[in-house]
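Colleague: Quick one, my_file.cif (mmCIF, C-alpha atoms and all ligand atoms):
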```cif
data_query
#
loop_
_atom_site.group_PDB
_atom_site.id
_atom_site.type_symbol
_atom_site.label_atom_id
_atom_site.label_comp_id
_atom_site.auth_asym_id
_atom_site.auth_seq_id
_atom_site.Cartn_x
_atom_site.Cartn_y
_atom_site.Cartn_z
ATOM 1 C CA MET A 1 -19.618 109.621 -69.446
ATOM 2 C CA GLU A 2 -17.054 107.568 -67.538
ATOM 3 C CA ASN A 3 -13.614 109.158 -67.184
ATOM 4 C CA LEU A 4 -10.998 107.254 -69.170
ATOM 5 C CA PRO A 5 -7.710 106.972 -67.215
ATOM 6 C CA ASN A 6 -5.753 109.189 -69.622
ATOM 7 C CA SER A 7 -8.352 111.947 -69.504
ATOM 8 C CA ILE A 8 -8.144 112.556 -65.769
ATOM 9 C CA GLU A 9 -6.833 116.014 -64.944
ATOM 10 C CA ILE A 10 -5.733 117.708 -61.756
ATOM 11 C CA GLY A 11 -4.898 121.375 -61.354
ATOM 12 C CA PHE A 12 -1.898 122.845 -59.527
ATOM 13 C CA VAL A 13 -2.764 126.378 -58.415
ATOM 14 C CA SER A 14 0.333 128.527 -58.012
ATOM 15 C CA SER A 15 2.225 131.540 -59.298
ATOM 16 C CA ASN A 16 5.499 129.615 -59.306
ATOM 17 C CA VAL A 17 6.328 127.837 -62.532
ATOM 18 C CA GLN A 18 9.493 126.275 -61.032
ATOM 19 C CA LYS A 19 7.353 124.336 -58.587
ATOM 20 C CA TYR A 20 5.082 123.265 -61.446
ATOM 21 C CA LYS A 21 8.051 121.924 -63.449
ATOM 22 C CA GLU A 22 9.186 119.791 -60.505
ATOM 23 C CA ILE A 23 5.709 118.477 -59.746
ATOM 24 C CA TYR A 24 5.020 117.797 -63.431
ATOM 25 C CA LYS A 25 8.057 115.479 -63.628
ATOM 26 C CA VAL A 26 6.818 113.415 -60.693
ATOM 27 C CA PHE A 27 3.343 113.072 -62.193
ATOM 28 C CA LEU A 28 4.888 111.993 -65.487
ATOM 29 C CA GLN A 29 6.864 109.243 -63.725
ATOM 30 C CA LYS A 30 4.252 107.998 -61.312
ATOM 31 C CA SER A 31 0.749 108.577 -62.642
ATOM 32 C CA LYS A 32 -1.442 108.693 -65.715
ATOM 33 C CA ILE A 33 -3.169 111.767 -64.321
ATOM 34 C CA GLN A 34 -2.512 114.950 -66.326
ATOM 35 C CA LEU A 35 -1.256 117.934 -64.365
ATOM 36 C CA LYS A 36 -2.492 121.395 -65.390
ATOM 37 C CA PHE A 37 -0.922 124.663 -64.235
ATOM 38 C CA LEU A 38 -3.583 127.066 -62.939
ATOM 39 C CA ASN A 39 -1.625 130.306 -62.664
ATOM 40 C CA MET A 40 -2.860 132.388 -59.738
ATOM 41 C CA ILE A 41 -1.339 134.554 -57.009
ATOM 42 C CA LEU A 42 -2.474 132.929 -53.779
ATOM 43 C CA SER A 43 -3.426 134.751 -50.576
ATOM 44 C CA GLU A 44 -1.600 133.460 -47.504
ATOM 45 C CA ILE A 45 -2.427 133.832 -43.820
ATOM 46 C CA GLN A 46 0.210 134.291 -41.147
ATOM 47 C CA SER A 47 0.632 131.031 -39.277
ATOM 48 C CA ASP A 48 3.455 128.886 -37.915
ATOM 49 C CA SER A 49 2.033 125.915 -39.771
ATOM 50 C CA LEU A 50 2.579 125.399 -43.499
ATOM 51 C CA GLU A 51 -0.413 123.019 -43.507
ATOM 52 C CA GLU A 52 -2.666 125.801 -42.189
ATOM 53 C CA ILE A 53 -1.299 128.265 -44.745
ATOM 54 C CA ALA A 54 -1.852 125.774 -47.582
ATOM 55 C CA LYS A 55 -5.383 125.021 -46.336
ATOM 56 C CA PHE A 56 -6.227 128.727 -46.224
ATOM 57 C CA SER A 57 -4.825 129.355 -49.714
ATOM 58 C CA LEU A 58 -6.812 126.409 -51.030
ATOM 59 C CA LYS A 59 -10.032 127.827 -49.614
ATOM 60 C CA THR A 60 -9.423 131.146 -51.377
ATOM 61 C CA CYS A 61 -9.609 129.179 -54.650
ATOM 62 C CA PHE A 62 -13.165 128.012 -53.955
ATOM 63 C CA GLN A 63 -14.559 131.195 -55.519
ATOM 64 C CA LYS A 64 -12.896 130.270 -58.832
ATOM 65 C CA ASP A 65 -15.204 127.303 -59.457
ATOM 66 C CA PHE A 66 -12.492 125.220 -61.098
ATOM 67 C CA THR A 67 -14.086 122.237 -62.829
ATOM 68 C CA ILE A 68 -11.312 119.756 -61.998
ATOM 69 C CA PRO A 69 -9.829 118.699 -58.614
ATOM 70 C CA TYR A 70 -6.907 120.942 -57.653
ATOM 71 C CA PHE A 71 -4.203 121.507 -55.065
ATOM 72 C CA VAL A 72 -1.879 124.183 -53.718
ATOM 73 C CA GLU A 73 1.545 123.716 -52.153
ATOM 74 C CA ASP A 74 3.295 125.810 -49.523
ATOM 75 C CA SER A 75 6.996 125.403 -48.797
ATOM 76 C CA GLY A 76 9.408 126.793 -46.261
ATOM 77 C CA LEU A 77 12.997 126.515 -45.065
ATOM 78 C CA PHE A 78 13.403 126.031 -41.302
ATOM 79 C CA ILE A 79 16.838 126.769 -39.794
ATOM 80 C CA GLU A 80 17.450 125.106 -36.435
ATOM 81 C CA THR A 81 19.728 127.663 -34.801
ATOM 82 C CA LEU A 82 17.312 130.463 -35.812
ATOM 83 C CA ASN A 83 14.410 128.653 -34.108
ATOM 84 C CA GLY A 84 12.859 127.675 -37.432
ATOM 85 C CA PHE A 85 13.256 131.058 -39.148
ATOM 86 C CA PRO A 86 12.397 131.860 -41.957
ATOM 87 C CA GLY A 87 9.863 128.955 -42.045
ATOM 88 C CA PRO A 88 6.441 130.298 -43.034
ATOM 89 C CA TYR A 89 8.038 133.665 -43.866
ATOM 90 C CA SER A 90 10.443 132.165 -46.415
ATOM 91 C CA SER A 91 9.003 134.095 -49.325
ATOM 92 C CA TYR A 92 9.145 137.482 -47.586
ATOM 93 C CA VAL A 93 12.642 136.864 -46.203
ATOM 94 C CA LEU A 94 13.995 135.899 -49.629
ATOM 95 C CA LYS A 95 12.581 139.115 -51.091
ATOM 96 C CA THR A 96 13.979 141.278 -48.277
ATOM 97 C CA ILE A 97 17.290 140.075 -46.784
ATOM 98 C CA GLY A 98 17.866 137.442 -49.499
ATOM 99 C CA LEU A 99 20.281 134.508 -49.470
ATOM 100 C CA TRP A 100 23.270 136.602 -48.376
ATOM 101 C CA GLY A 101 21.191 137.929 -45.492
ATOM 102 C CA ILE A 102 20.531 134.355 -44.362
ATOM 103 C CA LEU A 103 24.228 133.500 -44.577
ATOM 104 C CA LYS A 104 25.038 136.613 -42.569
ATOM 105 C CA LEU A 105 22.658 135.491 -39.795
ATOM 106 C CA LEU A 106 24.535 132.183 -39.674
ATOM 107 C CA GLU A 107 28.023 133.695 -39.518
ATOM 108 C CA GLU A 108 29.979 132.148 -36.648
ATOM 109 C CA LYS A 109 27.232 129.599 -35.958
ATOM 110 C CA ASP A 110 28.460 126.009 -35.791
ATOM 111 C CA ASN A 111 25.003 124.549 -36.149
ATOM 112 C CA ARG A 112 23.885 124.960 -39.788
ATOM 113 C CA LYS A 113 21.162 122.306 -39.674
ATOM 114 C CA ALA A 114 17.920 123.079 -41.515
ATOM 115 C CA PHE A 115 14.987 121.332 -43.121
ATOM 116 C CA PHE A 116 12.792 122.106 -46.084
ATOM 117 C CA GLN A 117 9.098 121.326 -45.842
ATOM 118 C CA SER A 118 6.406 121.094 -48.479
ATOM 119 C CA SER A 119 2.738 120.955 -47.538
ATOM 120 C CA ILE A 120 0.069 120.225 -50.115
ATOM 121 C CA ALA A 121 -3.638 120.919 -49.667
ATOM 122 C CA LEU A 122 -5.888 119.092 -52.143
ATOM 123 C CA TYR A 123 -9.556 119.769 -52.895
ATOM 124 C CA PHE A 124 -11.091 116.506 -54.008
ATOM 125 C CA ASN A 125 -14.712 115.349 -53.903
ATOM 126 C CA LYS A 126 -15.612 118.403 -51.794
ATOM 127 C CA LYS A 127 -13.072 117.503 -49.101
ATOM 128 C CA ILE A 128 -9.656 118.875 -48.158
ATOM 129 C CA TYR A 129 -6.692 116.502 -47.848
ATOM 130 C CA LEU A 130 -3.172 117.362 -46.613
ATOM 131 C CA PHE A 131 0.164 115.798 -47.590
ATOM 132 C CA THR A 132 3.549 116.824 -46.223
ATOM 133 C CA GLY A 133 7.173 116.075 -47.134
ATOM 134 C CA ARG A 134 10.305 117.069 -45.267
ATOM 135 C CA VAL A 135 14.016 116.863 -46.106
ATOM 136 C CA ASN A 136 16.870 117.471 -43.672
ATOM 137 C CA GLY A 137 20.101 119.185 -44.604
ATOM 138 C CA ILE A 138 22.426 122.076 -43.837
ATOM 139 C CA ILE A 139 22.898 125.647 -45.021
ATOM 140 C CA SER A 140 25.999 126.083 -47.180
ATOM 141 C CA ALA A 141 28.771 128.582 -46.404
ATOM 142 C CA SER A 142 28.328 130.352 -49.751
ATOM 143 C CA VAL A 143 25.692 130.838 -52.453
ATOM 144 C CA SER A 144 26.022 128.367 -55.337
ATOM 145 C CA GLU A 145 25.462 129.678 -58.848
ATOM 146 C CA SER A 146 22.516 127.596 -59.973
ATOM 147 C CA GLY A 147 19.023 127.023 -58.658
ATOM 148 C CA TRP A 148 15.984 129.101 -57.755
ATOM 149 C CA GLY A 149 14.689 130.318 -54.388
ATOM 150 C CA TYR A 150 16.752 128.842 -51.542
ATOM 151 C CA ASP A 151 18.225 126.076 -53.721
ATOM 152 C CA PRO A 152 21.666 127.766 -53.918
ATOM 153 C CA VAL A 153 22.168 127.508 -50.121
ATOM 154 C CA PHE A 154 20.416 124.276 -49.110
ATOM 155 C CA ILE A 155 22.496 121.068 -49.023
ATOM 156 C CA PRO A 156 20.241 118.031 -48.513
ATOM 157 C CA SER A 157 21.657 115.194 -46.367
ATOM 158 C CA LYS A 158 21.421 112.743 -49.277
ATOM 159 C CA GLY A 159 22.872 115.028 -51.946
ATOM 160 C CA ASP A 160 26.625 114.215 -51.905
ATOM 161 C CA GLY A 161 27.375 117.581 -50.329
ATOM 162 C CA LYS A 162 25.844 119.533 -53.226
ATOM 163 C CA THR A 163 23.206 122.245 -52.907
ATOM 164 C CA PHE A 164 19.758 121.648 -54.408
ATOM 165 C CA GLY A 165 20.832 124.144 -57.070
ATOM 166 C CA GLU A 166 23.984 122.200 -57.940
ATOM 167 C CA LEU A 167 22.048 118.940 -58.080
ATOM 168 C CA GLY A 168 20.001 120.200 -61.057
ATOM 169 C CA GLU A 169 17.242 117.761 -62.023
ATOM 170 C CA LYS A 170 18.503 115.275 -59.411
ATOM 171 C CA LYS A 171 16.825 117.580 -56.903
ATOM 172 C CA TYR A 172 13.419 116.570 -58.249
ATOM 173 C CA SER A 173 13.569 113.089 -56.726
ATOM 174 C CA LEU A 174 15.303 114.111 -53.475
ATOM 175 C CA SER A 175 13.276 117.086 -52.430
ATOM 176 C CA HIS A 176 10.651 117.852 -49.790
ATOM 177 C CA ARG A 177 8.272 118.526 -52.703
ATOM 178 C CA TYR A 178 8.942 115.100 -54.225
ATOM 179 C CA LEU A 179 8.023 113.390 -50.938
ATOM 180 C CA ALA A 180 4.778 115.353 -50.566
ATOM 181 C CA VAL A 181 3.820 114.877 -54.229
ATOM 182 C CA CYS A 182 4.453 111.101 -54.010
ATOM 183 C CA LYS A 183 1.946 110.937 -51.141
ATOM 184 C CA LEU A 184 -0.552 112.975 -53.160
ATOM 185 C CA ILE A 185 -0.109 110.722 -56.204
ATOM 186 C CA SER A 186 -0.529 107.523 -54.151
ATOM 187 C CA PHE A 187 -3.785 108.918 -52.821
ATOM 188 C CA LEU A 188 -5.052 109.914 -56.283
ATOM 189 C CA ASN A 189 -3.966 106.679 -57.953
ATOM 190 C CA GLU A 190 -5.854 104.785 -55.273
ATOM 191 C CA GLU A 191 -8.973 106.978 -55.590
ATOM 192 C CA TYR A 192 -9.030 106.631 -59.378
ATOM 193 C CA LYS A 193 -7.987 102.955 -59.167
ATOM 194 C CA LEU A 194 -5.048 103.587 -61.495
ATOM 195 C CA GLY A 195 -2.362 101.468 -59.824
ATOM 196 C CA SER A 196 1.131 102.993 -59.553
HETATM 197 P P1 LIG A 201 2.959 129.885 -54.699
HETATM 198 O O1 LIG A 201 2.353 130.820 -55.712
HETATM 199 O O2 LIG A 201 2.754 128.432 -55.066
HETATM 200 O O3 LIG A 201 2.594 130.185 -53.267
HETATM 201 P P2 LIG A 201 5.630 130.822 -53.914
HETATM 202 O O4 LIG A 201 6.857 131.068 -54.761
HETATM 203 O O5 LIG A 201 5.028 131.983 -53.198
HETATM 204 O O6 LIG A 201 4.561 130.097 -54.856
HETATM 205 P P3 LIG A 201 6.012 129.374 -51.362
HETATM 206 O O7 LIG A 201 5.279 130.410 -50.610
HETATM 207 O O8 LIG A 201 5.617 127.957 -51.196
HETATM 208 O O9 LIG A 201 6.013 129.651 -52.948
HETATM 209 O O10 LIG A 201 7.572 129.435 -51.089
HETATM 210 C C1 LIG A 201 8.157 130.177 -50.058
HETATM 211 C C2 LIG A 201 9.538 130.603 -50.489
HETATM 212 O O11 LIG A 201 10.394 129.468 -50.509
HETATM 213 C C3 LIG A 201 9.604 131.235 -51.871
HETATM 214 O O12 LIG A 201 10.480 132.327 -51.794
HETATM 215 C C4 LIG A 201 10.185 130.162 -52.760
HETATM 216 O O13 LIG A 201 10.992 130.735 -53.772
HETATM 217 C C5 LIG A 201 11.007 129.341 -51.783
HETATM 218 N N1 LIG A 201 10.970 127.928 -52.157
HETATM 219 C C6 LIG A 201 9.884 127.120 -52.126
HETATM 220 N N2 LIG A 201 10.200 125.889 -52.534
HETATM 221 C C7 LIG A 201 11.511 125.912 -52.838
HETATM 222 C C8 LIG A 201 12.420 124.973 -53.345
HETATM 223 O O14 LIG A 201 12.069 123.730 -53.644
HETATM 224 N N3 LIG A 201 13.675 125.350 -53.539
HETATM 225 C C9 LIG A 201 14.070 126.596 -53.247
HETATM 226 N N4 LIG A 201 13.299 127.561 -52.784
HETATM 227 C C10 LIG A 201 12.012 127.223 -52.587
#
```
Step by step, read the file and then write its structure as structure tokens.
Ligand code: ITT
Modeller:
Amino acid sequence: MENLPNSIEIGFVSSNVQKYKEIYKVFLQKSKIQLKFLNMILSEIQSDSLEEIAKFSLKTCFQKDFTIPYFVEDSGLFIETLNGFPGPYSSYVLKTIGLWGILKLLEEKDNRKAFFQSSIALYFNKKIYLFTGRVNGIISASVSESGWGYDPVFIPSKGDGKTFGELGEKKYSLSHRYLAVCKLISFLNEEYKLGS
């Protein structure tokens, strides 16, 4: 039977419901495709490249035999003066030294430039596709009260001096994830001939 536009589904494989919420909003705005959360703890390889990590995690899902196309997303915060640290180790670093540990490493550093990157790996028609989004900004001097992950310390260049956490839902359309998801949606809309 032919797929009707409003019955098309795509799965987001992740253990992070915050990411799902952000991605869901973008799908709602920009596509008729329905996003499903496929809750799974992903295995990650050690690599300097978020694309490679995302690709590896995607391949570990092959054994699941999901019946719909699906994607994974890997993100990281890269701090210039720390030569890109924590980057691909963002998750581990948050769990160990935490946000205050990051601020401590930046004490007395004038250069607080950083970028956030999101890399998506999609499995579609038996092929892997990659989409990446990047947002420049700086690391704040203190930890703001709201936001998850690194949101309380990352101030995007286009965010009126507020951290991602302080921006609330405004973050959704300014973030690294938004840029990567927009590229993914353009690709899918084109493939399914849905228009934007
Ligand atoms: P997955 O199950 O999808 O892998 P995860 O939480 O492990 O979820 P990542 O490896 O992509 O996600 O993220 C690396 C770290 O960066 C992790 O500690 C996140 O909390 C944090 N992070 C990712 N995206 C973020 C964002 O938009 N804002 C703040 N922190 C973020």
Colleague: Which residues are close to segment 128-139 of chain A, i.e. within 8 Å by only C-alpha atoms, leaving aside same-chain residues fewer than 2 positions away? Reply as an MDAnalysis selection string.
Modeller: chainID A and resid 51 55 103 112:124 126 141 153:157 174:181 183:184
Colleague: Counting all atoms listed in the file, what are the residues, protein, DNA or RNA alike, that approach ligand LIG 201 (chain A) to within 10 Å? I want them as a PyMOL selection string.
Modeller: chain A and resi 12-20+22+39-44+50+53-54+57+71-77+86-95+98+116-120+147-154+164-165+171-172+175-178
Colleague: Interatomic distance between atom CA of Pro69 of chain A and atom CA of Gln34 of chain A?
Modeller: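 That distance, rounded to one decimal, is 11.3 Å.
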Colleague: Could you tell me how far atom CA of Phe187 of chain A lies from atom CA of Ser7 of chain A, in Å and to one decimal?
Modeller: 17.6 Å
Colleague: Rounded to one decimal, what separation in Å do you get between atom CA of Gly84 of chain A and atom CA of Cys61 of chain A?
Modeller: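 Computed distance, atom CA of Gly84 of chain A to atom CA of Cys61 of chain A, equals 28.3 Å.
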Colleague: Step by step: start from the point (1.2, 104.4, -61.3) in the file's coordinates, keep every protein, DNA or RNA residue that has an atom no farther than 7 Å from it, count all atoms listed in the file, and write the set as a count of residues only.
Modeller: 7
Colleague: N, CA and C atoms are what I want for segment 30-50 of chain A; can you complete it accordingly and write them as a PDB file, keeping the file's coordinate frame?
Modeller:
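Below is the file out_32.pdb, written as the result:
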```pdb
ATOM      1  N   LYS A  30       4.974 108.847 -62.251  1.00  0.00           N
ATOM      2  CA  LYS A  30       4.252 107.998 -61.312  1.00  0.00           C
ATOM      3  C   LYS A  30       2.751 107.917 -61.509  1.00  0.00           C
ATOM      4  N   SER A  31       2.205 108.613 -62.507  1.00  0.00           N
ATOM      5  CA  SER A  31       0.749 108.577 -62.642  1.00  0.00           C
ATOM      6  C   SER A  31       0.314 108.868 -64.061  1.00  0.00           C
ATOM      7  N   LYS A  32      -0.888 108.382 -64.389  1.00  0.00           N
ATOM      8  CA  LYS A  32      -1.442 108.693 -65.715  1.00  0.00           C
ATOM      9  C   LYS A  32      -2.262 109.979 -65.667  1.00  0.00           C
ATOM     10  N   ILE A  33      -2.387 110.534 -64.473  1.00  0.00           N
ATOM     11  CA  ILE A  33      -3.169 111.767 -64.321  1.00  0.00           C
ATOM     12  C   ILE A  33      -2.414 112.939 -64.955  1.00  0.00           C
ATOM     13  N   GLN A  34      -3.132 113.786 -65.664  1.00  0.00           N
ATOM     14  CA  GLN A  34      -2.512 114.950 -66.326  1.00  0.00           C
ATOM     15  C   GLN A  34      -2.527 116.150 -65.387  1.00  0.00           C
ATOM     16  N   LEU A  35      -1.370 116.767 -65.245  1.00  0.00           N
ATOM     17  CA  LEU A  35      -1.256 117.934 -64.365  1.00  0.00           C
ATOM     18  C   LEU A  35      -1.401 119.220 -65.176  1.00  0.00           C
ATOM     19  N   LYS A  36      -2.308 120.097 -64.709  1.00  0.00           N
ATOM     20  CA  LYS A  36      -2.492 121.395 -65.390  1.00  0.00           C
ATOM     21  C   LYS A  36      -2.037 122.514 -64.471  1.00  0.00           C
ATOM     22  N   PHE A  37      -1.375 123.511 -65.027  1.00  0.00           N
ATOM     23  CA  PHE A  37      -0.922 124.663 -64.235  1.00  0.00           C
ATOM     24  C   PHE A  37      -2.013 125.717 -64.233  1.00  0.00           C
ATOM     25  N   LEU A  38      -2.566 126.025 -63.060  1.00  0.00           N
ATOM     26  CA  LEU A  38      -3.583 127.066 -62.939  1.00  0.00           C
ATOM     27  C   LEU A  38      -2.893 128.265 -62.291  1.00  0.00           C
ATOM     28  N   ASN A  39      -2.462 129.193 -63.125  1.00  0.00           N
ATOM     29  CA  ASN A  39      -1.625 130.306 -62.664  1.00  0.00           C
ATOM     30  C   ASN A  39      -2.440 131.315 -61.858  1.00  0.00           C
ATOM     31  N   MET A  40      -2.111 131.471 -60.587  1.00  0.00           N
ATOM     32  CA  MET A  40      -2.860 132.388 -59.738  1.00  0.00           C
ATOM     33  C   MET A  40      -1.984 132.823 -58.559  1.00  0.00           C
ATOM     34  N   ILE A  41      -2.059 134.093 -58.203  1.00  0.00           N
ATOM     35  CA  ILE A  41      -1.339 134.554 -57.009  1.00  0.00           C
ATOM     36  C   ILE A  41      -2.210 134.226 -55.803  1.00  0.00           C
ATOM     37  N   LEU A  42      -1.676 133.420 -54.907  1.00  0.00           N
ATOM     38  CA  LEU A  42      -2.474 132.929 -53.779  1.00  0.00           C
ATOM     39  C   LEU A  42      -2.373 133.864 -52.578  1.00  0.00           C
ATOM     40  N   SER A  43      -3.490 134.002 -51.837  1.00  0.00           N
ATOM     41  CA  SER A  43      -3.426 134.751 -50.576  1.00  0.00           C
ATOM     42  C   SER A  43      -2.942 133.788 -49.498  1.00  0.00           C
ATOM     43  N   GLU A  44      -2.107 134.312 -48.596  1.00  0.00           N
ATOM     44  CA  GLU A  44      -1.600 133.460 -47.504  1.00  0.00           C
ATOM     45  C   GLU A  44      -1.921 134.105 -46.163  1.00  0.00           C
ATOM     46  N   ILE A  45      -2.260 133.286 -45.165  1.00  0.00           N
ATOM     47  CA  ILE A  45      -2.427 133.832 -43.820  1.00  0.00           C
ATOM     48  C   ILE A  45      -1.093 133.727 -43.087  1.00  0.00           C
ATOM     49  N   GLN A  46      -0.977 134.451 -41.982  1.00  0.00           N
ATOM     50  CA  GLN A  46       0.210 134.291 -41.147  1.00  0.00           C
ATOM     51  C   GLN A  46      -0.062 133.163 -40.172  1.00  0.00           C
ATOM     52  N   SER A  47       0.787 132.171 -40.185  1.00  0.00           N
ATOM     53  CA  SER A  47       0.632 131.031 -39.277  1.00  0.00           C
ATOM     54  C   SER A  47       1.984 130.352 -39.162  1.00  0.00           C
ATOM     55  N   ASP A  48       2.209 129.634 -38.058  1.00  0.00           N
ATOM     56  CA  ASP A  48       3.455 128.886 -37.915  1.00  0.00           C
ATOM     57  C   ASP A  48       3.411 127.586 -38.698  1.00  0.00           C
ATOM     58  N   SER A  49       2.210 127.226 -39.160  1.00  0.00           N
ATOM     59  CA  SER A  49       2.033 125.915 -39.771  1.00  0.00           C
ATOM     60  C   SER A  49       1.828 126.027 -41.282  1.00  0.00           C
ATOM     61  N   LEU A  50       2.717 125.363 -42.040  1.00  0.00           N
ATOM     62  CA  LEU A  50       2.579 125.399 -43.499  1.00  0.00           C
ATOM     63  C   LEU A  50       1.287 124.715 -43.931  1.00  0.00           C
TER      64      LEU A  50
END
```
